[in-house]
Amino acid sequence: MRSDCTPRFLASDNTSGICPEALESLLEANRCDDLAYGNDLWTDKAAERFRELFDYDCEVFFVFNGTAANSLALAAMGRSYHSVICHELAHIETDECGGPEFFSNGAKLLTSSGEHGKLTPEGIEQLVVKRSDIHYPKPRVVSLTQATEVGTLYDREELLAIRAMADKYDLRVHMDGARFANACAALQSSPAELTWQVGVDALCFSGTKNGLAMGEAILFFNRDLAEDFAWRCKQAGQLASKMRFIAAPWLGLLDSGAWLYNAQHANAMARYLADGLSGLPGVEMMFPPQANSVFVSLPAVAVEWLRERGWTFYTFIGAGGVRFVCSWNTTTELLDALLADVKSVLGVS
């Protein structure tokens, strides 16, 4: 990177700051002392607010990050000799350093391909019926990523079809909701319509990518799966002594509606960027930009030149190419600057 270039961040929605609503709630929680280890007023209120948002009496837990959320939830949904079916590009397979296997004491991930980063009922069934002998880890859970690792979405019909296949083989359904808010915004669906109403047993709902400094919520719609889950969190080092500082920012998002507004804005910025890139010579959309991520194939010279200009992005996520991710605070001015640089290196006036 050139020393005279200020980094311009579009690599991930993890690079954004704390949104005002979350920060104000955090500061409010800091104005007085409260009980520790989740026994405080803020944690109780945030959990209740999730139940209202989803219109379901679910069990709610808070942890520091997404890897812990996914790994601990999956560990609670099966046993060490079970397996979890996921897409070959799923975050739990490619980017969690064996966390799901570690916390489940050895449960194996079985991967399937699928167009646009999505599992299919047929792909799930192929893995289930592949073998049934005692030497094969028994399939027990299907894990879906919503939105997917390549920025696409499962609609309600697809989710219902997967639930039907799960019912056929007595499988549980886990949803990695790292960008669940973006999915709700893009599909114009309520949280309930994309989870328990289509048979999701447990959801890991990310706050970090939606305007929080840290913090993920784990929601069990199948309450039986949450038995002793608090102890599982404690053992894994995920029980925050000052839990209110994880829960309170969530309350700021939920009470204000910012959880949805932030996602709508991020999605709109991704569409703006995708529209600006479409049709440029040497630029090819790799996946339909349905949420807040844009995947494009660029000439190698353009990739290097953009990095020299200070742009941050990933090239190893998904199936190659370049990934740009928009956040709650992404501006059109930032995207216009990127588009100008892309056009410049491609020789477009």
# chains A, B, ... in the order shown; residues from 1 in each chain; ligands from 1
call {"tool": "residues_around", "arguments": {"residues": "Thr111 in chain A", "least_positions_apart": "5", "cutoff": "7 Å", "atoms": "only C-alpha atoms", "output": "mmCIF file with C-alpha atoms, in the first residue's frame"}}
result
data_model
loop_
_atom_site.group_PDB
_atom_site.id
_atom_site.type_symbol
_atom_site.label_atom_id
_atom_site.label_comp_id
_atom_site.auth_asym_id
_atom_site.auth_seq_id
_atom_site.Cartn_x
_atom_site.Cartn_y
_atom_site.Cartn_z
ATOM 1 C CA ILE A 85 -24.189 -30.943 6.811
ATOM 2 C CA CYS A 86 -23.177 -27.574 5.385
ATOM 3 C CA HIS A 87 -22.249 -25.935 2.093
ATOM 4 C CA GLU A 88 -18.643 -26.302 1.019
#
call {"tool": "residues_around", "arguments": {"residues": "Met77 in chain A", "least_positions_apart": "3", "cutoff": "8 Å", "atoms": "only C-alpha atoms", "output": "list in words"}}
result
Ala73, Leu74, Arg140, Val141, Arg172 and Leu225 of chain A
call {"tool": "write_last_selection", "arguments": {"atoms": "all heavy atoms", "output": "compact mmCIF listing (two decimals), in the first residue's frame"}}
result
# COMPACT_ATOMS: atom_id res chain seq x y z
N ALA A 73 -23.53 -23.50 19.50
CA ALA A 73 -24.88 -23.90 19.12
C ALA A 73 -24.88 -25.27 18.46
O ALA A 73 -25.71 -26.14 18.78
CB ALA A 73 -25.49 -22.86 18.18
N LEU A 74 -23.94 -25.49 17.54
CA LEU A 74 -23.86 -26.79 16.86
C LEU A 74 -23.50 -27.90 17.84
O LEU A 74 -24.01 -29.03 17.73
CB LEU A 74 -22.85 -26.73 15.73
CG LEU A 74 -23.27 -25.89 14.52
CD1 LEU A 74 -22.11 -25.69 13.56
CD2 LEU A 74 -24.46 -26.55 13.81
N ARG A 140 -26.82 -35.30 11.70
CA ARG A 140 -27.76 -34.89 12.73
C ARG A 140 -28.25 -33.46 12.56
O ARG A 140 -29.35 -33.11 12.98
CB ARG A 140 -27.11 -35.02 14.11
CG ARG A 140 -28.02 -34.80 15.28
CD ARG A 140 -29.19 -35.75 15.23
NE ARG A 140 -29.98 -35.75 16.44
CZ ARG A 140 -31.31 -35.91 16.48
NH1 ARG A 140 -31.97 -36.06 15.36
NH2 ARG A 140 -31.95 -35.92 17.62
N VAL A 141 -27.42 -32.60 11.93
CA VAL A 141 -27.75 -31.18 11.81
C VAL A 141 -27.49 -30.70 10.39
O VAL A 141 -26.52 -31.12 9.75
CB VAL A 141 -26.91 -30.33 12.80
CG1 VAL A 141 -27.32 -28.85 12.74
CG2 VAL A 141 -27.02 -30.86 14.22
N ARG A 172 -31.82 -31.69 12.59
CA ARG A 172 -32.08 -30.38 13.15
C ARG A 172 -31.51 -29.32 12.21
O ARG A 172 -30.57 -29.59 11.45
CB ARG A 172 -31.45 -30.27 14.54
CG ARG A 172 -32.12 -31.19 15.54
CD ARG A 172 -31.23 -31.54 16.70
NE ARG A 172 -31.96 -32.33 17.71
CZ ARG A 172 -31.40 -32.92 18.74
NH1 ARG A 172 -30.09 -32.83 18.93
NH2 ARG A 172 -32.13 -33.61 19.60
N LEU A 225 -33.03 -27.92 23.05
CA LEU A 225 -31.61 -27.90 22.67
C LEU A 225 -30.79 -26.97 23.56
O LEU A 225 -29.57 -27.03 23.56
CB LEU A 225 -31.47 -27.48 21.21
CG LEU A 225 -32.12 -28.41 20.18
CD1 LEU A 225 -31.99 -27.83 18.78
CD2 LEU A 225 -31.49 -29.80 20.24
call {"tool": "select_by_dssp", "arguments": {"residues": "range 18-58 of chain A", "states": "helix (DSSP H, G or I)", "output": "number ranges by chain"}}
result
A: 20-29, 41-54
call {"tool": "write_last_selection", "arguments": {"atoms": "N, CA, C and O atoms", "output": "short mmCIF file (atom, residue, chain, number, x, y, z; two decimals), in the first residue's frame"}}
result
data_model
loop_
_atom_site.label_atom_id
_atom_site.label_comp_id
_atom_site.auth_asym_id
_atom_site.auth_seq_id
_atom_site.Cartn_x
_atom_site.Cartn_y
_atom_site.Cartn_z
N PRO A 20 -24.77 4.81 16.17
CA PRO A 20 -25.15 5.71 17.26
C PRO A 20 -26.14 5.09 18.25
O PRO A 20 -26.03 5.32 19.47
N GLU A 21 -27.10 4.34 17.76
CA GLU A 21 -28.11 3.77 18.65
C GLU A 21 -27.49 2.78 19.63
O GLU A 21 -27.84 2.75 20.82
N ALA A 22 -26.57 1.96 19.13
CA ALA A 22 -25.91 0.99 20.00
C ALA A 22 -24.99 1.68 20.99
O ALA A 22 -24.93 1.31 22.17
N LEU A 23 -24.28 2.70 20.52
CA LEU A 23 -23.36 3.41 21.40
C LEU A 23 -24.09 4.14 22.52
O LEU A 23 -23.66 4.12 23.67
N GLU A 24 -25.21 4.77 22.19
CA GLU A 24 -25.99 5.46 23.21
C GLU A 24 -26.51 4.49 24.27
O GLU A 24 -26.49 4.78 25.46
N SER A 25 -26.95 3.33 23.85
CA SER A 25 -27.42 2.33 24.80
C SER A 25 -26.29 1.81 25.67
O SER A 25 -26.46 1.57 26.87
N LEU A 26 -25.11 1.65 25.08
CA LEU A 26 -23.94 1.24 25.84
C LEU A 26 -23.59 2.28 26.90
O LEU A 26 -23.32 1.94 28.07
N LEU A 27 -23.60 3.55 26.53
CA LEU A 27 -23.30 4.61 27.48
C LEU A 27 -24.35 4.69 28.58
O LEU A 27 -24.02 4.94 29.75
N GLU A 28 -25.59 4.45 28.22
CA GLU A 28 -26.66 4.45 29.23
C GLU A 28 -26.44 3.32 30.24
O GLU A 28 -26.62 3.52 31.45
N ALA A 29 -26.03 2.16 29.75
CA ALA A 29 -25.77 1.04 30.66
C ALA A 29 -24.58 1.30 31.57
O ALA A 29 -24.46 0.68 32.64
N LEU A 41 -30.27 -6.03 34.50
CA LEU A 41 -31.51 -5.58 33.87
C LEU A 41 -31.39 -5.52 32.35
O LEU A 41 -32.32 -5.87 31.62
N TRP A 42 -30.23 -5.09 31.86
CA TRP A 42 -30.05 -4.91 30.42
C TRP A 42 -30.12 -6.23 29.66
O TRP A 42 -30.74 -6.32 28.60
N THR A 43 -29.46 -7.24 30.20
CA THR A 43 -29.47 -8.55 29.54
C THR A 43 -30.88 -9.13 29.53
O THR A 43 -31.33 -9.70 28.52
N ASP A 44 -31.57 -8.97 30.62
CA ASP A 44 -32.95 -9.47 30.69
C ASP A 44 -33.84 -8.75 29.69
O ASP A 44 -34.64 -9.38 28.99
N LYS A 45 -33.69 -7.43 29.60
CA LYS A 45 -34.51 -6.66 28.66
C LYS A 45 -34.20 -7.04 27.21
O LYS A 45 -35.11 -7.15 26.37
N ALA A 46 -32.92 -7.21 26.89
CA ALA A 46 -32.54 -7.54 25.52
C ALA A 46 -33.09 -8.91 25.12
O ALA A 46 -33.58 -9.09 24.00
N ALA A 47 -33.00 -9.88 26.02
CA ALA A 47 -33.55 -11.20 25.73
C ALA A 47 -35.05 -11.14 25.49
O ALA A 47 -35.58 -11.77 24.56
N GLU A 48 -35.74 -10.35 26.31
CA GLU A 48 -37.18 -10.23 26.15
C GLU A 48 -37.52 -9.51 24.85
O GLU A 48 -38.51 -9.85 24.18
N ARG A 49 -36.69 -8.56 24.48
CA ARG A 49 -36.94 -7.83 23.23
C ARG A 49 -36.76 -8.76 22.03
O ARG A 49 -37.49 -8.63 21.03
N PHE A 50 -35.83 -9.69 22.08
CA PHE A 50 -35.70 -10.68 21.02
C PHE A 50 -36.96 -11.53 20.91
O PHE A 50 -37.43 -11.84 19.81
N ARG A 51 -37.51 -11.92 22.04
CA ARG A 51 -38.74 -12.73 22.02
C ARG A 51 -39.89 -11.95 21.38
O ARG A 51 -40.71 -12.52 20.65
N GLU A 52 -39.94 -10.66 21.64
CA GLU A 52 -40.97 -9.84 21.01
C GLU A 52 -40.73 -9.72 19.51
O GLU A 52 -41.68 -9.81 18.72
N LEU A 53 -39.48 -9.49 19.11
CA LEU A 53 -39.17 -9.32 17.70
C LEU A 53 -39.50 -10.57 16.90
O LEU A 53 -40.02 -10.48 15.78
N PHE A 54 -39.19 -11.74 17.45
CA PHE A 54 -39.43 -13.00 16.75
C PHE A 54 -40.81 -13.59 17.04
O PHE A 54 -41.17 -14.60 16.45
#
call {"tool": "atom_distance", "arguments": {"atom1": "CA of Gly276 in chain A", "atom2": "CA of Ala291 in chain A"}}
result
16.0 Å
call {"tool": "residues_around", "arguments": {"residues": "Ser83 in chain A", "least_positions_apart": "3", "cutoff": "9 Å", "atoms": "only C-alpha atoms", "output": "ChimeraX atom specification"}}
result
/A:78-80,106-110,136-142
call {"tool": "write_last_selection", "arguments": {"atoms": "C-alpha atoms", "output": "mmCIF file, in the first residue's frame"}}
result
data_model
loop_
_atom_site.group_PDB
_atom_site.id
_atom_site.type_symbol
_atom_site.label_atom_id
_atom_site.label_comp_id
_atom_site.auth_asym_id
_atom_site.auth_seq_id
_atom_site.Cartn_x
_atom_site.Cartn_y
_atom_site.Cartn_z
ATOM 1 C CA GLY A 78 -25.721 -33.076 18.341
ATOM 2 C CA ARG A 79 -23.181 -35.405 19.856
ATOM 3 C CA SER A 80 -19.532 -36.047 19.150
ATOM 4 C CA GLY A 106 -15.276 -34.241 17.310
ATOM 5 C CA ALA A 107 -18.494 -33.967 15.299
ATOM 6 C CA LYS A 108 -17.610 -33.953 11.603
ATOM 7 C CA LEU A 109 -18.661 -31.398 9.003
ATOM 8 C CA LEU A 110 -19.963 -32.958 5.789
ATOM 9 C CA TYR A 136 -19.796 -43.100 9.189
ATOM 10 C CA PRO A 137 -20.567 -40.061 11.389
ATOM 11 C CA LYS A 138 -24.343 -40.013 11.654
ATOM 12 C CA PRO A 139 -25.878 -36.865 10.105
ATOM 13 C CA ARG A 140 -27.764 -34.889 12.733
ATOM 14 C CA VAL A 141 -27.749 -31.182 11.814
ATOM 15 C CA VAL A 142 -28.125 -29.069 8.696
#
call {"tool": "residues_around", "arguments": {"residues": "Met175 in chain A", "least_positions_apart": "5", "cutoff": "12 Å", "atoms": "only C-alpha atoms", "output": "MDAnalysis selection string"}}
result
chainID A and resid 66 69:71 73:74 77 84:86 90:92 119 141:148 154 159 162:163 180 183 194:196 198:206 217:221
call {"tool": "select_by_dssp", "arguments": {"residues": "range 182-271 of chain A", "states": "strand (DSSP E or B)", "output": "ChimeraX atom specification"}}
result
/A:202-206,216-220
call {"tool": "write_last_selection", "arguments": {"atoms": "N, CA, C and O atoms", "output": "PDB file, in the first residue's frame"}}
result
ATOM      1  N   ALA A 202     -32.374 -23.282  15.637  1.00  0.00           N
ATOM      2  CA  ALA A 202     -31.498 -22.357  16.361  1.00  0.00           C
ATOM      3  C   ALA A 202     -30.903 -21.368  15.372  1.00  0.00           C
ATOM      4  O   ALA A 202     -30.537 -21.728  14.252  1.00  0.00           O
ATOM      5  N   LEU A 203     -30.817 -20.112  15.806  1.00  0.00           N
ATOM      6  CA  LEU A 203     -30.260 -19.038  14.993  1.00  0.00           C
ATOM      7  C   LEU A 203     -29.125 -18.359  15.740  1.00  0.00           C
ATOM      8  O   LEU A 203     -29.259 -18.037  16.927  1.00  0.00           O
ATOM      9  N   CYS A 204     -28.022 -18.124  15.047  1.00  0.00           N
ATOM     10  CA  CYS A 204     -26.949 -17.282  15.564  1.00  0.00           C
ATOM     11  C   CYS A 204     -27.050 -15.943  14.851  1.00  0.00           C
ATOM     12  O   CYS A 204     -26.763 -15.845  13.658  1.00  0.00           O
ATOM     13  N   PHE A 205     -27.484 -14.920  15.565  1.00  0.00           N
ATOM     14  CA  PHE A 205     -27.816 -13.608  15.012  1.00  0.00           C
ATOM     15  C   PHE A 205     -26.658 -12.659  15.316  1.00  0.00           C
ATOM     16  O   PHE A 205     -26.376 -12.360  16.470  1.00  0.00           O
ATOM     17  N   SER A 206     -26.023 -12.158  14.270  1.00  0.00           N
ATOM     18  CA  SER A 206     -24.851 -11.303  14.460  1.00  0.00           C
ATOM     19  C   SER A 206     -25.234  -9.864  14.723  1.00  0.00           C
ATOM     20  O   SER A 206     -26.052  -9.279  14.005  1.00  0.00           O
ATOM     21  N   GLU A 216     -22.882 -11.472  19.740  1.00  0.00           N
ATOM     22  CA  GLU A 216     -23.801 -12.271  18.932  1.00  0.00           C
ATOM     23  C   GLU A 216     -24.875 -12.841  19.853  1.00  0.00           C
ATOM     24  O   GLU A 216     -24.617 -13.152  21.017  1.00  0.00           O
ATOM     25  N   ALA A 217     -26.067 -12.985  19.321  1.00  0.00           N
ATOM     26  CA  ALA A 217     -27.162 -13.581  20.081  1.00  0.00           C
ATOM     27  C   ALA A 217     -27.461 -14.968  19.528  1.00  0.00           C
ATOM     28  O   ALA A 217     -27.540 -15.150  18.307  1.00  0.00           O
ATOM     29  N   ILE A 218     -27.591 -15.934  20.409  1.00  0.00           N
ATOM     30  CA  ILE A 218     -27.978 -17.294  20.023  1.00  0.00           C
ATOM     31  C   ILE A 218     -29.408 -17.501  20.483  1.00  0.00           C
ATOM     32  O   ILE A 218     -29.715 -17.375  21.670  1.00  0.00           O
ATOM     33  N   LEU A 219     -30.291 -17.815  19.542  1.00  0.00           N
ATOM     34  CA  LEU A 219     -31.702 -18.009  19.843  1.00  0.00           C
ATOM     35  C   LEU A 219     -32.071 -19.460  19.567  1.00  0.00           C
ATOM     36  O   LEU A 219     -31.894 -19.948  18.442  1.00  0.00           O
ATOM     37  N   PHE A 220     -32.574 -20.133  20.582  1.00  0.00           N
ATOM     38  CA  PHE A 220     -33.049 -21.503  20.431  1.00  0.00           C
ATOM     39  C   PHE A 220     -34.571 -21.487  20.365  1.00  0.00           C
ATOM     40  O   PHE A 220     -35.246 -21.194  21.349  1.00  0.00           O
TER      41      PHE A 220
END
call {"tool": "closest_residue", "arguments": {"among": "A:Ala76, A:Leu254, A:Ala164, A:Ala181", "to": "Asn292 in chain A", "atoms": "only C-alpha atoms"}}
result
A:Ala181
call {"tool": "closest_residue", "arguments": {"among": "A:Leu127, A:Ala270, A:Leu89, A:Met165", "to": "Asn329 in chain A", "atoms": "only C-alpha atoms"}}
result
A:Ala270
call {"tool": "atom_distance", "arguments": {"atom1": "CA of Arg323 in chain A", "atom2": "CA of Gly98 in chain A"}}
result
23.5 Å
call {"tool": "closest_residue", "arguments": {"among": "A:Asn210, A:Thr152, A:Asn105, A:Asn267", "to": "Thr15 in chain A", "atoms": "only C-alpha atoms"}}
result
A:Asn210
call {"tool": "atom_distance", "arguments": {"atom1": "CA of Gly321 in chain A", "atom2": "CA of Ser349 in chain A"}}
result
23.8 Å
call {"tool": "closest_residue", "arguments": {"among": "A:Asn30, A:Ala36, A:Phe103, A:Ala11", "to": "Cys233 in chain A", "atoms": "only C-alpha atoms"}}
result
A:Phe103
